[in-house]
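Enquirer: run.cif (mmCIF, C-alpha atoms) pasted underneath:
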data_target
#
loop_
_atom_site.label_atom_id
_atom_site.label_comp_id
_atom_site.auth_asym_id
_atom_site.auth_seq_id
_atom_site.Cartn_x
_atom_site.Cartn_y
_atom_site.Cartn_z
CA MET M 1 -95.97 -69.40 52.82
CA ARG M 2 -96.81 -68.61 49.19
CA PRO M 3 -99.06 -71.05 47.29
CA ASP M 4 -97.05 -73.20 44.84
CA THR M 5 -99.53 -75.52 43.14
CA PRO M 6 -102.91 -74.95 41.43
CA ALA M 7 -104.60 -76.65 44.38
CA ASP M 8 -102.83 -74.27 46.79
CA HIS M 9 -104.02 -71.27 44.79
CA ILE M 10 -107.61 -72.53 44.74
CA THR M 11 -107.48 -73.12 48.50
CA GLU M 12 -106.20 -69.57 49.02
CA ALA M 13 -108.91 -68.16 46.73
CA GLU M 14 -111.60 -69.96 48.73
CA ARG M 15 -110.14 -68.61 51.97
CA LEU M 16 -110.22 -65.07 50.59
CA LEU M 17 -113.83 -65.51 49.50
CA ARG M 18 -114.77 -66.58 53.04
CA THR M 19 -112.90 -63.58 54.43
CA ALA M 20 -114.74 -61.27 52.02
CA ALA M 21 -118.05 -62.61 53.30
CA GLN M 22 -116.90 -61.95 56.86
CA TYR M 23 -115.58 -58.43 56.12
CA PRO M 24 -117.88 -56.93 53.45
CA GLU M 25 -116.24 -53.52 53.84
CA ASP M 26 -113.05 -55.04 52.37
CA ARG M 27 -114.82 -57.05 49.70
CA GLU M 28 -113.20 -55.43 46.65
CA PRO M 29 -109.48 -56.04 47.40
CA LEU M 30 -110.24 -59.51 48.74
CA LEU M 31 -112.26 -60.57 45.68
CA LEU M 32 -109.58 -59.19 43.35
CA ARG M 33 -106.93 -61.26 45.13
CA ALA M 34 -109.18 -64.33 45.01
CA ALA M 35 -109.67 -63.84 41.26
CA ALA M 36 -105.90 -63.56 40.77
CA HIS M 37 -105.33 -66.88 42.58
CA LEU M 38 -107.98 -68.58 40.45
CA GLU M 39 -106.31 -67.33 37.27
CA VAL M 40 -102.88 -68.51 38.41
CA ALA M 41 -104.46 -71.88 39.20
CA GLY M 42 -105.61 -72.16 35.58
CA GLU M 43 -109.27 -71.43 36.38
CA PRO M 44 -109.90 -68.08 34.62
CA ALA M 45 -113.56 -68.90 34.00
CA ARG M 46 -114.12 -69.08 37.76
CA ALA M 47 -112.59 -65.61 38.18
CA THR M 48 -114.91 -63.87 35.69
CA PRO M 49 -118.01 -63.89 37.97
CA LEU M 50 -115.96 -62.19 40.70
CA TYR M 51 -115.17 -59.27 38.38
CA ASP M 52 -118.84 -59.14 37.34
CA GLU M 53 -119.93 -59.11 40.98
CA LEU M 54 -117.64 -56.18 41.77
CA LEU M 55 -118.72 -54.18 38.72
CA ALA M 56 -122.38 -54.75 39.61
CA ALA M 57 -121.86 -53.22 43.06
CA ASP M 58 -122.64 -49.60 43.82
CA ALA M 59 -119.60 -47.38 43.18
CA PRO M 60 -116.66 -49.81 43.24
CA ASP M 61 -113.44 -48.20 44.49
CA ASN M 62 -111.48 -48.82 41.29
CA PRO M 63 -113.75 -49.65 38.34
CA GLN M 64 -110.96 -49.04 35.78
CA LEU M 65 -108.77 -51.70 37.37
CA ILE M 66 -111.63 -54.20 37.66
CA ARG M 67 -112.56 -53.74 33.98
CA ALA M 68 -108.93 -54.04 32.90
CA LEU M 69 -108.48 -57.27 34.87
CA LYS M 70 -111.72 -58.64 33.46
CA ALA M 71 -110.55 -57.90 29.90
CA ALA M 72 -107.25 -59.70 30.52
CA ASN M 73 -109.15 -62.58 32.06
CA LEU M 74 -111.61 -62.93 29.16
CA TRP M 75 -108.93 -62.78 26.47
CA GLU M 76 -106.99 -65.47 28.30
CA TYR M 77 -109.68 -68.08 27.68
CA GLY M 78 -110.87 -67.15 24.23
CA HIS M 79 -113.31 -64.25 24.61
CA GLU M 80 -111.21 -61.88 22.52
CA ALA M 81 -114.06 -59.77 21.09
CA GLU M 82 -115.51 -59.01 24.51
CA ALA M 83 -112.05 -58.28 25.90
CA ARG M 84 -111.30 -55.84 23.07
CA ALA M 85 -114.61 -54.07 23.69
CA ILE M 86 -113.78 -53.60 27.37
CA ILE M 87 -110.26 -52.37 26.56
CA ALA M 88 -111.65 -49.85 24.07
CA GLY M 89 -114.12 -48.63 26.69
CA VAL M 90 -111.48 -48.09 29.36
CA ARG M 91 -109.10 -46.41 26.89
CA ALA M 92 -111.88 -43.98 26.00
CA THR M 93 -111.86 -42.67 29.59
CA PRO M 94 -109.15 -40.44 31.10
CA PRO M 95 -106.46 -42.50 32.87
CA ALA M 96 -107.12 -42.45 36.61
CA ASP M 97 -105.14 -45.47 37.84
CA ALA M 98 -101.66 -46.51 36.71
CA ALA M 99 -102.19 -50.19 37.55
CA ALA M 100 -105.35 -50.40 35.44
CA TRP M 101 -103.67 -48.98 32.36
CA GLU M 102 -100.63 -51.18 32.86
CA VAL M 103 -102.91 -54.24 32.88
CA LEU M 104 -104.54 -53.04 29.64
CA ALA M 105 -101.20 -52.45 27.95
CA GLU M 106 -99.72 -55.76 29.11
CA THR M 107 -102.81 -57.60 27.85
CA LEU M 108 -102.32 -56.06 24.42
CA GLU M 109 -98.58 -56.80 24.57
CA ALA M 110 -99.21 -60.45 25.50
CA HIS M 111 -101.29 -60.84 22.35
CA ASP M 112 -98.72 -59.18 20.05
CA GLU M 113 -100.59 -55.86 19.79
CA LEU M 114 -97.38 -53.93 20.42
CA GLU M 115 -98.34 -50.61 18.79
CA ALA M 116 -101.61 -50.49 20.73
CA ALA M 117 -99.77 -51.46 23.92
CA GLU M 118 -97.23 -48.65 23.43
CA ALA M 119 -100.01 -46.13 22.78
CA THR M 120 -101.82 -47.25 25.96
CA PHE M 121 -98.67 -47.02 28.07
CA SER M 122 -97.88 -43.57 26.62
CA THR M 123 -101.38 -42.17 27.20
CA ALA M 124 -101.20 -43.23 30.83
CA ALA M 125 -97.66 -41.90 31.29
CA GLU M 126 -98.59 -38.49 29.91
CA ALA M 127 -101.59 -38.30 32.25
CA LEU M 128 -100.23 -39.86 35.43
CA ALA M 129 -96.43 -39.50 35.54
CA PRO M 130 -95.05 -36.39 37.25
CA THR M 131 -92.32 -34.22 35.81
CA ALA M 132 -88.92 -35.84 35.59
CA ASP M 133 -87.68 -34.04 38.72
CA ASP M 134 -90.53 -35.19 41.00
CA GLU M 135 -90.83 -38.40 42.98
CA VAL M 136 -92.47 -41.28 41.15
CA SER M 137 -94.85 -43.63 42.96
CA HIS M 138 -94.33 -47.37 42.58
CA PRO M 139 -97.41 -47.91 40.33
CA VAL M 140 -96.25 -45.18 37.95
CA GLN M 141 -92.67 -46.50 37.98
CA SER M 142 -94.01 -49.95 37.02
CA LEU M 143 -96.02 -48.31 34.23
CA LEU M 144 -92.92 -46.55 32.88
CA THR M 145 -90.93 -49.80 33.04
CA GLY M 146 -93.57 -51.61 30.99
CA ARG M 147 -93.62 -48.76 28.49
CA HIS M 148 -89.81 -48.99 28.21
CA ARG M 149 -90.07 -52.72 27.48
CA VAL M 150 -92.64 -52.34 24.70
CA ARG M 151 -90.77 -49.46 23.08
CA ARG M 152 -87.61 -51.58 23.13
CA LEU M 153 -89.49 -54.36 21.34
CA LEU M 154 -90.64 -51.84 18.75
CA ALA M 155 -87.05 -50.55 18.32
CA LEU M 156 -88.11 -46.98 19.18
CA ASP M 157 -85.57 -44.40 20.32
CA HIS M 158 -85.46 -43.51 24.01
CA ASP M 159 -87.55 -40.52 25.02
CA ASP M 160 -87.80 -38.61 28.31
CA TRP M 161 -90.00 -41.21 30.03
CA ASP M 162 -87.67 -44.03 28.96
CA ARG M 163 -84.80 -42.13 30.57
CA VAL M 164 -86.83 -41.74 33.77
CA ALA M 165 -87.48 -45.51 33.77
CA ASP M 166 -83.74 -46.13 33.33
CA ARG M 167 -82.94 -43.78 36.22
CA LEU M 168 -85.43 -45.40 38.58
CA HIS M 169 -84.34 -48.97 37.77
CA THR M 170 -82.05 -50.22 40.57
CA ALA M 171 -81.36 -53.85 39.57
CA PRO M 172 -77.77 -54.67 38.52
CA VAL M 173 -78.84 -55.53 34.96
CA PRO M 174 -79.85 -52.37 33.02
CA LEU M 175 -83.35 -52.10 31.58
CA ASP M 176 -82.01 -51.94 28.04
CA GLU M 177 -80.42 -55.34 28.54
CA LEU M 178 -83.42 -56.84 30.35
CA HIS M 179 -85.72 -55.64 27.57
CA ASP M 180 -83.44 -56.59 24.66
CA PRO M 181 -85.42 -58.97 22.37
CA LYS M 182 -82.18 -60.61 21.27
CA ARG M 183 -81.46 -61.87 24.78
CA LEU M 184 -84.11 -64.53 24.32
CA TRP M 185 -82.03 -66.07 21.56
CA ALA M 186 -79.46 -67.05 24.20
CA LEU M 187 -81.96 -69.58 25.56
CA GLY M 188 -81.26 -71.75 22.51
CA SER M 189 -77.50 -71.51 22.86
CA SER M 190 -75.27 -74.48 23.70
CA ASP M 191 -72.64 -72.17 25.22
CA PRO M 192 -72.68 -72.57 29.07
CA ALA M 193 -71.43 -69.00 29.54
CA GLU M 194 -74.31 -67.56 27.49
CA LEU M 195 -76.83 -69.70 29.34
CA GLN M 196 -75.43 -68.61 32.72
CA ALA M 197 -75.62 -64.96 31.65
CA GLU M 198 -79.27 -65.41 30.72
CA ILE M 199 -80.00 -67.11 34.05
CA ASP M 200 -78.44 -64.12 35.85
CA ARG M 201 -80.59 -61.71 33.84
CA LEU M 202 -83.75 -63.68 34.58
CA ARG M 203 -82.92 -63.82 38.30
CA SER M 204 -82.55 -60.04 38.31
CA GLU M 205 -85.89 -59.61 36.59
CA LEU M 206 -87.54 -62.10 38.96
CA GLY M 207 -86.21 -60.12 41.91
CA SER M 208 -87.94 -57.00 40.58
CA PHE M 209 -91.19 -58.94 40.16
CA ARG M 210 -90.96 -60.24 43.73
CA VAL M 211 -90.57 -56.69 45.05
CA ALA M 212 -93.61 -55.62 43.06
CA LEU M 213 -95.65 -58.59 44.28
CA SER M 214 -94.80 -57.78 47.89
CA ARG M 215 -96.17 -54.25 47.59
CA PRO M 216 -99.78 -55.00 48.57
CA PHE M 217 -98.61 -56.70 51.78
CA PRO M 218 -96.46 -54.17 53.66
CA VAL M 219 -94.84 -54.50 57.04
CA ALA M 220 -97.34 -52.33 58.90
CA VAL M 221 -97.45 -50.53 62.23
CA LEU M 222 -100.70 -49.67 63.98
CA LEU M 223 -101.79 -46.04 64.41
CA TRP M 224 -104.59 -44.95 66.74
CA SER M 225 -106.12 -41.48 66.56
CA ARG M 226 -106.43 -39.68 69.89
CA GLY M 227 -110.19 -40.29 70.09
CA GLU M 228 -109.92 -43.96 69.18
CA LEU M 229 -107.09 -44.53 71.65
CA ASP M 230 -109.06 -42.86 74.47
CA GLU M 231 -112.03 -45.11 73.67
CA LEU M 232 -109.78 -48.20 73.49
CA LEU M 233 -108.14 -47.54 76.88
CA ALA M 234 -111.45 -46.69 78.53
CA ALA M 235 -112.81 -50.07 77.47
CA TYR M 236 -109.60 -52.07 77.95
CA PRO M 237 -107.36 -50.40 80.57
CA GLU M 238 -105.06 -53.45 80.44
CA LEU M 239 -103.60 -51.92 77.26
CA GLU M 240 -102.31 -48.81 79.04
CA SER M 241 -98.91 -50.47 79.35
CA GLU M 242 -98.78 -50.50 75.52
CA TYR M 243 -100.11 -46.96 75.15
CA PRO M 244 -99.34 -44.81 78.23
CA THR M 245 -100.27 -41.61 76.33
CA HIS M 246 -101.20 -40.68 72.77
CA ARG M 247 -97.99 -38.67 72.42
CA ALA M 248 -95.93 -41.66 73.57
CA HIS M 249 -97.82 -43.83 71.08
CA LEU M 250 -96.91 -41.50 68.19
CA THR M 251 -93.29 -41.30 69.35
CA ASP M 252 -92.99 -45.09 69.57
CA LEU M 253 -94.67 -45.51 66.17
CA GLU M 254 -92.25 -43.15 64.42
CA ALA M 255 -89.28 -44.70 66.18
CA SER M 256 -90.39 -48.18 65.07
CA LEU M 257 -90.75 -47.06 61.46
CA ARG M 258 -87.33 -45.40 61.43
CA GLU M 259 -85.71 -48.44 63.03
CA LEU M 260 -87.30 -50.79 60.47
CA ALA M 261 -86.24 -48.50 57.62
CA ALA M 262 -82.67 -48.29 58.95
CA ALA M 263 -82.56 -52.09 59.10
CA GLY M 264 -83.45 -52.22 55.39
CA THR M 265 -87.02 -53.50 55.80
CA PRO M 266 -88.80 -52.82 52.48
CA ASN M 267 -92.37 -51.73 51.88
CA LEU M 268 -93.30 -50.19 55.23
CA GLY M 269 -96.83 -49.03 55.90
CA VAL M 270 -99.14 -47.52 58.52
CA VAL M 271 -102.65 -48.82 59.27
CA ARG M 272 -105.29 -46.95 61.28
CA GLY M 273 -107.08 -48.86 64.01
CA THR M 274 -110.65 -48.36 65.16
CA VAL M 275 -112.21 -49.85 68.28
CA PRO M 276 -115.18 -51.54 66.53
CA SER M 277 -112.87 -53.10 63.92
CA TYR M 278 -110.42 -54.24 66.60
CA GLU M 279 -113.21 -55.78 68.69
CA ALA M 280 -114.57 -57.61 65.64
CA PHE M 281 -111.08 -58.93 64.89
CA ALA M 282 -110.64 -60.11 68.50
CA ALA M 283 -113.98 -61.91 68.29
CA SER M 284 -112.95 -63.62 65.06
CA GLU M 285 -109.74 -64.78 66.81
CA GLN M 286 -111.78 -65.94 69.83
CA THR M 287 -109.78 -63.88 72.28
CA SER M 288 -110.20 -60.73 74.36
CA PRO M 289 -109.35 -57.28 72.95
CA SER M 290 -107.37 -56.69 76.14
CA ASN M 291 -104.79 -59.19 74.91
CA ALA M 292 -101.85 -57.02 73.81
CA ALA M 293 -100.41 -59.85 71.70
CA LEU M 294 -103.37 -59.38 69.37
CA LEU M 295 -102.34 -55.86 68.31
CA PRO M 296 -99.60 -56.80 65.77
CA GLN M 297 -101.87 -59.50 64.29
CA TYR M 298 -104.59 -56.89 63.88
CA ALA M 299 -102.16 -54.56 62.09
CA THR M 300 -101.01 -57.33 59.75
CA THR M 301 -104.61 -58.25 58.93
CA LEU M 302 -105.52 -54.63 58.13
CA ALA M 303 -102.48 -54.42 55.83
CA ALA M 304 -103.40 -57.66 54.05
CA ARG M 305 -106.90 -56.28 53.51
CA GLY M 306 -105.48 -53.27 51.65
CA HIS M 307 -105.68 -50.60 54.37
CA ALA M 308 -101.98 -49.69 54.65
CA THR M 309 -100.64 -46.26 53.74
CA PRO M 310 -97.02 -46.49 52.46
CA TRP M 311 -94.28 -44.99 54.65
CA PRO M 312 -92.42 -42.77 54.21
CA PRO M 313 -94.92 -40.84 52.09
CA LEU M 314 -93.88 -39.07 48.93
CA ARG M 315 -93.03 -35.39 49.43
CA THR M 316 -95.93 -34.50 47.16
CA ALA M 317 -98.44 -36.79 48.94
CA PRO M 318 -101.27 -35.17 50.92
CA CYS M 319 -100.88 -35.06 54.70
#
Let me see whether you can do it: turn the structure in this file into structure tokens.
Expert:
Amino acid sequence: MRPDTPADHITEAERLLRTAAQYPEDREPLLLRAAAHLEVAGEPARATPLYDELLAADAPDNPQLIRALKAANLWEYGHEAEARAIIAGVRATPPADAAAWEVLAETLEAHDELEAAEATFSTAAEALAPTADDEVSHPVQSLLTGRHRVRRLLALDHDDWDRVADRLHTAPVPLDELHDPKRLWALGSSDPAELQAEIDRLRSELGSFRVALSRPFPVAVLLWSRGELDELLAAYPELESEYPTHRAHLTDLEASLRELAAAGTPNLGVVRGTVPSYEAFAASEQTSPSNAALLPQYATTLAARGHATPWPPLRTAPC
């Protein structure tokens, strides 16, 4: 169940902080999610120390994203000068992460810096987007959609990346209509038909946001390497009924993924299990690792901690 009230978000943030203390190897994604809940709860000042803590660590996984989120956070509660300095610092580095640059651009857009936002989106698109004929990852597609929106606000003509964004957009309402500044005027109309049309547009846009928000939490299946599976079955032979052989395990895994995809399940992923991690999870659940019912819970927990690899992979993704 998603949190609905500020108190719910604070409770979820505190739970994530406890989980981060329990699983220090997953500290970065957990602290970022905790910070996001604090900001949604209207407590941005409580989120700032979490960004500082991550940036002070040795070699964070995604420093660009952390700095971008910190800049957005600071600007939100009045520290504009410091936020601008961080944004300038990140923009001075080559784009390495689509999400980080999208956060930068959206922060500028939210504060009516449309030209700077468009330039930030465009720099990232030129560096990170593939050619028009290649597959586009979800983070880059989101980046191109944001760029399309800002260029629409600036009344700029469509270019190649705008056309790619249009092609990738699958909602029933076209991007040009969703991003039309004039559509907001309908909110002040007394015509029921115009108001209903605007509600339909907003529902379409909300559906796209919900898909994007679900991305970090995929429906995940559990993959064991041959060595890990041998070690698991040697320690817990009760699980042999789940995994008769490694080949059977791989066959069942692929069949499960294809069945879920055929049923229309979105956002599938694969997580890799290890025996020490599985044993630690069983201990935290106060049950035995030989309990087969624990396996799907373990997979879900790994996915929620940011360890899922999307499936199917892009054709251009490494094996």
Enquirer: Given the file shown, determine the residues that the PyMOL selection byres ((chain M and resi 250) around 12) selects; report them as a list in words.
Expert: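 With the PyMOL selection byres ((chain M and resi 250) around 12) on this model, the match is Val221, Leu222, Leu223, Trp224, Ser225, Arg226, Leu229, Glu242, Tyr243, Pro244, Thr245, His246, Arg247, Ala248, His249, Thr251, Asp252, Leu253, Glu254, Ala255, Ser256, Leu257 and Val270 of chain M.
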Enquirer: Have a look at atom CA of M:Gly42 and atom CA of M:Thr19 and let me know their distance in Å, one decimal.
Expert: 22.0 Å
Enquirer: One decimal, Å: what's the distance from atom CA of M:Arg84 over to atom CA of M:Pro6, could you say?
Expert: 27.8 Å
Enquirer: Please indicate the distance in Å from atom CA of M:Tyr278 to atom CA of M:Ala59, rounded to one decimal place.
Expert: 26.1 Å
Enquirer: Which residues, protein or nucleic acid, reach to within 12 Å of (-113.3, -52.2, 66.9) in the file's coordinates when using only C-alpha atoms, and can you give that as a list of chain:residue names?
Expert: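 Using only C-alpha atoms, the matching residues come out as M:Trp224, M:Glu228, M:Leu229, M:Glu231, M:Leu232, M:Ala235, M:Tyr236, M:Arg272, M:Gly273, M:Thr274, M:Val275, M:Pro276, M:Ser277, M:Tyr278, M:Glu279, M:Ala280, M:Phe281, M:Ala282, M:Ala283, M:Ser284, M:Ser288, M:Pro289, M:Ser290, M:Leu295, M:Tyr298, M:Leu302.
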Enquirer: Restricting the calculation to all atoms listed in the file, which member of M:Asp157, M:Ala125, M:Ala293, M:Ile87 is positioned closest to M:Leu108?
Expert: M:Ile87
Enquirer: Give me the result of the PyMOL selection byres ((chain M and resi 264-268) around 7) on this file, residue by residue, as number ranges by chain.
Expert: M: 215, 218-220, 260-263, 269, 310-311
Enquirer: Quick check on the file I pasted: which residues fall under the PyMOL selection byres ((chain M and resi 160) around 12)? Write them as an NGL selection string.
Expert: :M and (122 or 125-126 or 129-133 or 144 or 147-148 or 157-159 or 161-167)
Enquirer: Pick out the residues sitting within 10 Å of M:Gly146, and hand them over as a PyMOL selection string; count all atoms listed in the file, and ignore anything fewer than 2 positions along from it in its own chain.
Expert: chain M and resi 102-103+105-106+109+117-118+121+140-144+148-152+162+165+179
Enquirer: Excluding M:Glu76 and any residue of its chain fewer than 6 positions from it, enumerate the residues within 12 Å of it, using only C-alpha atoms, and give them as an NGL selection string.
Expert: :M and (39-40 or 42-45 or 47-48 or 69-70 or 82-84 or 107-108 or 110-111)
Enquirer: My list of candidates is M:Leu30, M:Ala116, M:Leu74, M:Ile10. Which is closest to M:His307 when distances are computed with all atoms listed in the file?
Expert: M:Leu30
